[in-house]
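J.: Before I ask anything, here is the structure I am working with.
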Protein chains: 2
Amino acid sequence: MKKSVDEALKKDFQIVFHNEDLLNEALTQASYVNEHPNQGLKFYERIEFLGDAVLQLIVSEYIFKRYPEMPQGKLTRLRAAMVCEASFSQFARECHLDQYILLGKGEEKAGARNRDSLLCDIFESFVGAVYLDQGRQTVEKFVQQVIFPKLDTGAFDHVIDHKTNLQEILQRNGDVLIHYDLLNEAGPDNDLDFKVAVFADDRQLGSGVGKSKKLAEQDAAKNALQKLRVKNA
Amino acid sequence: MKKSVDEALKKDFQIVFHNEDLLNEALTQASYVNEHPNQGLKFYERIEFLGDAVLQLIVSEYIFKRYPEMPQGKLTRLRAAMVCEASFSQFARECHLDQYILLGKGEEKAGARNRDSLLCDIFESFVGAVYLDQGRQTVEKFVQQVIFPKLDTGAFDHVIDHKTNLQEILQRNGDVLIHYDLLNEAGPDNDLDFKVAVFADDRQLGSGVGKSKKLAEQDAAKNALQKLRVKNA
């Protein structure tokens, strides 16, 4: 077990711990410590306390800079969607951290290894351990691999209003006339696909599809934002 | 006004902003922006979003390292006492940030300049601006001057259990017999002062005073911890 977590972290994230004790602490639940007294083991909770704050700051700073026109209320909603049990437990599974948690027998039987609340904690404690052992830069690289790409693949689209973002960016330097045109409706009546394009002063910026006009417009705005970002990169 | 905030920051904290716009944004409330349209002004809320996360991490990391035996629950309670409206509004006043807030006339009349919620926001946005302009190290120096000394002067003693801390540190390497002895009771019956000393295996580590035995014991434990810290520094 011990060997494989080292190998996995090296292979997947190019992370090699200097202090293995920190990594062990981050992956150990109290139930395991209780079952192995007199070994001087520590469990993850203190490191999780730190990892939580590390993730809050790195995610906050990233979205603050990436969405320079997004008002505070939306930033707060987006951060809450990214920094939450549902997201972190999913990330923990994607990184296969669930495989390496040290659990007591009772907790193992009770299915703790697949419990979202534990997986969320372990994701935070793992990040806390990387921060303590390797510093912020390594956490940033890890998070750029695990969390931030999900902003592009749409995992947080329910809290990002792409139409408003696009409008805010385009109108930063003065008024621009933005309009969305329906290009196409296809499919059976009860399962239509809409295709929409977005224009700024009659220049087409992007297009998108969706099961409603509203969804297709959001998709078109997102597509336009991606193209603008590539152009400005 | 503009000149004096620069002078005050330089004199009190050795902080000189590279980008004055960031400092202005951090000190400007929306009501002021609304009263001065067409000037392209921004208000503090986005920077406050970032500053909040910066403070959370720096405070978390400091208490995590300062109290190596403090369990997560207590760390969380201590952080909550340090990172809250009551604390931050007080720090904002101590730093005289209240004098430099740009407010609309209505808000000024309504007494916003002395409102804890606004002062807390401004403390966070100020820290966010320092972070963006100067980097984390300058924020740390500022926080070491403004927040952390309060851990020694007792501002957060209501959430720190010094007796438990002392016990955890002394017993880290095995059992130690800790006891508290009443040295003295003085004063009129309805206003007694208690003096207590704390011993580890009959070696006196510190002493303290208080209006009850319990308070005097906490004070003695705190005194012992300070001496241990000096010895280990």
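Numbering starts fresh at 1 for the residues of each chain in the structure tokens, the chains themselves are lettered A, B, ... in the order given, and ligands are numbered from 1 as they appear.
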Would you give me, as JSON, numbers by chain, the residues in stretch 77-197 of chain A that DSSP reads as strand (DSSP E or B)?

T.: {"A": [102, 178, 179, 180, 181, 182, 183, 184, 185, 186, 193, 194, 195, 196, 197]}

J.: Please dump the current selection as a PDB file, in the first residue's frame; keep N, CA, C and O atoms.

T.:
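Everything below was put into selection.pdb:
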ATOM      1  N   LEU A 102      -6.079   5.248   5.394  1.00  0.00           N
ATOM      2  CA  LEU A 102      -5.908   4.237   6.437  1.00  0.00           C
ATOM      3  C   LEU A 102      -7.083   4.334   7.404  1.00  0.00           C
ATOM      4  O   LEU A 102      -7.240   5.342   8.102  1.00  0.00           O
ATOM      5  N   ILE A 178     -24.688  43.551 -28.253  1.00  0.00           N
ATOM      6  CA  ILE A 178     -24.564  42.090 -28.256  1.00  0.00           C
ATOM      7  C   ILE A 178     -25.918  41.478 -28.558  1.00  0.00           C
ATOM      8  O   ILE A 178     -26.925  41.866 -27.966  1.00  0.00           O
ATOM      9  N   HIS A 179     -25.961  40.549 -29.503  1.00  0.00           N
ATOM     10  CA  HIS A 179     -27.231  39.844 -29.705  1.00  0.00           C
ATOM     11  C   HIS A 179     -27.005  38.371 -30.045  1.00  0.00           C
ATOM     12  O   HIS A 179     -25.948  37.982 -30.556  1.00  0.00           O
ATOM     13  N   TYR A 180     -27.995  37.590 -29.691  1.00  0.00           N
ATOM     14  CA  TYR A 180     -27.954  36.141 -29.904  1.00  0.00           C
ATOM     15  C   TYR A 180     -28.976  35.788 -30.986  1.00  0.00           C
ATOM     16  O   TYR A 180     -30.135  36.162 -30.879  1.00  0.00           O
ATOM     17  N   ASP A 181     -28.546  35.085 -32.008  1.00  0.00           N
ATOM     18  CA  ASP A 181     -29.467  34.694 -33.084  1.00  0.00           C
ATOM     19  C   ASP A 181     -29.609  33.181 -33.144  1.00  0.00           C
ATOM     20  O   ASP A 181     -28.618  32.452 -33.068  1.00  0.00           O
ATOM     21  N   LEU A 182     -30.860  32.743 -33.327  1.00  0.00           N
ATOM     22  CA  LEU A 182     -31.119  31.311 -33.474  1.00  0.00           C
ATOM     23  C   LEU A 182     -30.706  30.892 -34.887  1.00  0.00           C
ATOM     24  O   LEU A 182     -31.219  31.429 -35.869  1.00  0.00           O
ATOM     25  N   LEU A 183     -29.763  29.958 -34.987  1.00  0.00           N
ATOM     26  CA  LEU A 183     -29.293  29.522 -36.303  1.00  0.00           C
ATOM     27  C   LEU A 183     -30.105  28.336 -36.795  1.00  0.00           C
ATOM     28  O   LEU A 183     -30.358  28.181 -37.976  1.00  0.00           O
ATOM     29  N   ASN A 184     -30.553  27.509 -35.838  1.00  0.00           N
ATOM     30  CA  ASN A 184     -31.081  26.218 -36.267  1.00  0.00           C
ATOM     31  C   ASN A 184     -31.845  25.544 -35.120  1.00  0.00           C
ATOM     32  O   ASN A 184     -31.475  25.672 -33.960  1.00  0.00           O
ATOM     33  N   GLU A 185     -32.932  24.846 -35.476  1.00  0.00           N
ATOM     34  CA  GLU A 185     -33.640  23.978 -34.536  1.00  0.00           C
ATOM     35  C   GLU A 185     -33.738  22.622 -35.199  1.00  0.00           C
ATOM     36  O   GLU A 185     -34.215  22.538 -36.328  1.00  0.00           O
ATOM     37  N   ALA A 186     -33.297  21.561 -34.552  1.00  0.00           N
ATOM     38  CA  ALA A 186     -33.327  20.260 -35.221  1.00  0.00           C
ATOM     39  C   ALA A 186     -33.794  19.181 -34.270  1.00  0.00           C
ATOM     40  O   ALA A 186     -33.691  19.319 -33.054  1.00  0.00           O
ATOM     41  N   ASP A 193     -32.939  20.241 -30.591  1.00  0.00           N
ATOM     42  CA  ASP A 193     -31.627  20.820 -30.342  1.00  0.00           C
ATOM     43  C   ASP A 193     -31.585  22.215 -30.951  1.00  0.00           C
ATOM     44  O   ASP A 193     -31.913  22.379 -32.143  1.00  0.00           O
ATOM     45  N   PHE A 194     -31.171  23.174 -30.123  1.00  0.00           N
ATOM     46  CA  PHE A 194     -31.096  24.548 -30.614  1.00  0.00           C
ATOM     47  C   PHE A 194     -29.642  24.914 -30.889  1.00  0.00           C
ATOM     48  O   PHE A 194     -28.752  24.512 -30.147  1.00  0.00           O
ATOM     49  N   LYS A 195     -29.458  25.656 -31.973  1.00  0.00           N
ATOM     50  CA  LYS A 195     -28.108  26.174 -32.238  1.00  0.00           C
ATOM     51  C   LYS A 195     -28.192  27.700 -32.329  1.00  0.00           C
ATOM     52  O   LYS A 195     -29.050  28.246 -33.030  1.00  0.00           O
ATOM     53  N   VAL A 196     -27.326  28.359 -31.585  1.00  0.00           N
ATOM     54  CA  VAL A 196     -27.395  29.812 -31.456  1.00  0.00           C
ATOM     55  C   VAL A 196     -26.011  30.390 -31.700  1.00  0.00           C
ATOM     56  O   VAL A 196     -25.006  29.752 -31.387  1.00  0.00           O
ATOM     57  N   ALA A 197     -25.961  31.588 -32.295  1.00  0.00           N
ATOM     58  CA  ALA A 197     -24.672  32.288 -32.420  1.00  0.00           C
ATOM     59  C   ALA A 197     -24.763  33.614 -31.681  1.00  0.00           C
ATOM     60  O   ALA A 197     -25.830  34.208 -31.573  1.00  0.00           O
TER      61      ALA A 197
END

J.: Could you give me, as a Markdown table, every chain B residue with an atom at most 12 Å from chain A, plus its closest atom pair and distance in Å to one decimal, counting only C-alpha atoms, rows ordered by chain then number?

T.:
| residue | atom | partner | partner_atom | distance |
| --- | --- | --- | --- | --- |
| B:Asn38 | CA | A:Gly174 | CA | 11.6 |
| B:Gly40 | CA | A:Arg172 | CA | 10.3 |
| B:Lys42 | CA | A:Glu69 | CA | 10.7 |
| B:Phe43 | CA | A:Pro71 | CA | 10.3 |
| B:Tyr44 | CA | A:Gln72 | CA | 9.3 |
| B:Glu45 | CA | A:Gln72 | CA | 5.8 |
| B:Arg46 | CA | A:Gln72 | CA | 4.9 |
| B:Ile47 | CA | A:Phe64 | CA | 8.4 |
| B:Glu48 | CA | A:Gln72 | CA | 8.3 |
| B:Phe49 | CA | A:Gln72 | CA | 6.4 |
| B:Leu50 | CA | A:Ser60 | CA | 6.1 |
| B:Gly51 | CA | A:Leu57 | CA | 8.9 |
| B:Asp52 | CA | A:Leu57 | CA | 8.5 |
| B:Ala53 | CA | A:Leu57 | CA | 4.8 |
| B:Val54 | CA | A:Leu57 | CA | 5.9 |
| B:Leu55 | CA | A:Leu57 | CA | 8.9 |
| B:Gln56 | CA | A:Ala53 | CA | 6.1 |
| B:Leu57 | CA | A:Ala53 | CA | 4.8 |
| B:Ile58 | CA | A:Ala53 | CA | 8.5 |
| B:Val59 | CA | A:Ala53 | CA | 9.3 |
| B:Ser60 | CA | A:Leu50 | CA | 6.1 |
| B:Glu61 | CA | A:Leu50 | CA | 6.3 |
| B:Tyr62 | CA | A:Leu50 | CA | 9.8 |
| B:Ile63 | CA | A:Leu50 | CA | 9.6 |
| B:Phe64 | CA | A:Leu50 | CA | 7.2 |
| B:Lys65 | CA | A:Leu50 | CA | 10.0 |
| B:Tyr67 | CA | A:Arg46 | CA | 10.6 |
| B:Pro68 | CA | A:Arg46 | CA | 9.0 |
| B:Glu69 | CA | A:Arg46 | CA | 9.1 |
| B:Met70 | CA | A:Arg46 | CA | 8.1 |
| B:Pro71 | CA | A:Arg46 | CA | 6.3 |
| B:Gln72 | CA | A:Arg46 | CA | 4.9 |
| B:Gly73 | CA | A:Arg46 | CA | 8.7 |
| B:Lys74 | CA | A:Arg46 | CA | 9.9 |
| B:Leu75 | CA | A:Phe49 | CA | 7.8 |
| B:Thr76 | CA | A:Phe49 | CA | 7.4 |
| B:Arg77 | CA | A:Phe49 | CA | 11.2 |
| B:Leu78 | CA | A:Phe49 | CA | 11.8 |
| B:Arg79 | CA | A:Phe49 | CA | 10.1 |
| B:Ser125 | CA | A:Gln72 | CA | 11.7 |
| B:Gly128 | CA | A:Glu61 | CA | 10.0 |
| B:Tyr131 | CA | A:Glu61 | CA | 10.4 |
| B:Leu132 | CA | A:Glu61 | CA | 9.6 |
| B:Arg136 | CA | A:Arg136 | CA | 11.5 |
| B:Arg172 | CA | A:Gly40 | CA | 10.1 |
| B:Asn173 | CA | A:Gly40 | CA | 10.3 |
| B:Gly174 | CA | A:Gly40 | CA | 11.3 |

J.: Let me make sure I understand: among B:His36, B:Lys231, B:Lys10, B:Lys211, which one has the smallest atom-to-atom distance to B:Asp189 if we use only C-alpha atoms?

T.: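 Once distances to B:Asp189 are computed over only C-alpha atoms, the minimum belongs to B:Lys211.
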
J.: Excluding A:Pro37 and its own-chain neighbours fewer than 6 positions away, which residues fall within 12 Å of it when counting only C-alpha atoms? Please give them as a list in words.

T.: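 Skipping anything fewer than 6 positions along the chain leaves Ala30, Ser31 and Gly104 of chain A.
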
J.: Please determine, counting only C-alpha atoms, which residue among B:Val5, B:Ala86, B:Ala129, B:Ala81 has the shortest atom-to-atom distance to B:Asp21.

T.: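 Under the stated criterion, the closest residue is B:Ala129.
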
J.: Running DSSP on the backbone, which parts of stretch 12-174 of chain B land in helix (DSSP H, G or I), as a ChimeraX atom specification?

T.: /B:12-13,20-26,30-35,45-66,72-82,85-94,97-100,105-109,112-114,116-134,136-146,149-153,162-173

J.: Using only C-alpha atoms, which residues sit within 6 Å of A:Cys120 once same-chain residues fewer than 6 positions away are excluded, as a JSON list (two decimals) with C-alpha atoms, in the first residue's frame?

T.:
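Contents of out-v4.json, freshly written:
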[["chain", "number", "residue", "atom", "x", "y", "z"],
["A", 85, "GLU", "CA", -17.95, 18.53, -0.21],
["A", 88, "PHE", "CA", -13.73, 17.81, -3.21],
["A", 89, "SER", "CA", -15.02, 14.27, -2.72]]

J.: Please report the interatomic distance between atom CA of B:Gly135 and atom CA of B:Ser117 in Å with one decimal.

T.: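 Between these atoms lies a distance of 25.6 Å.
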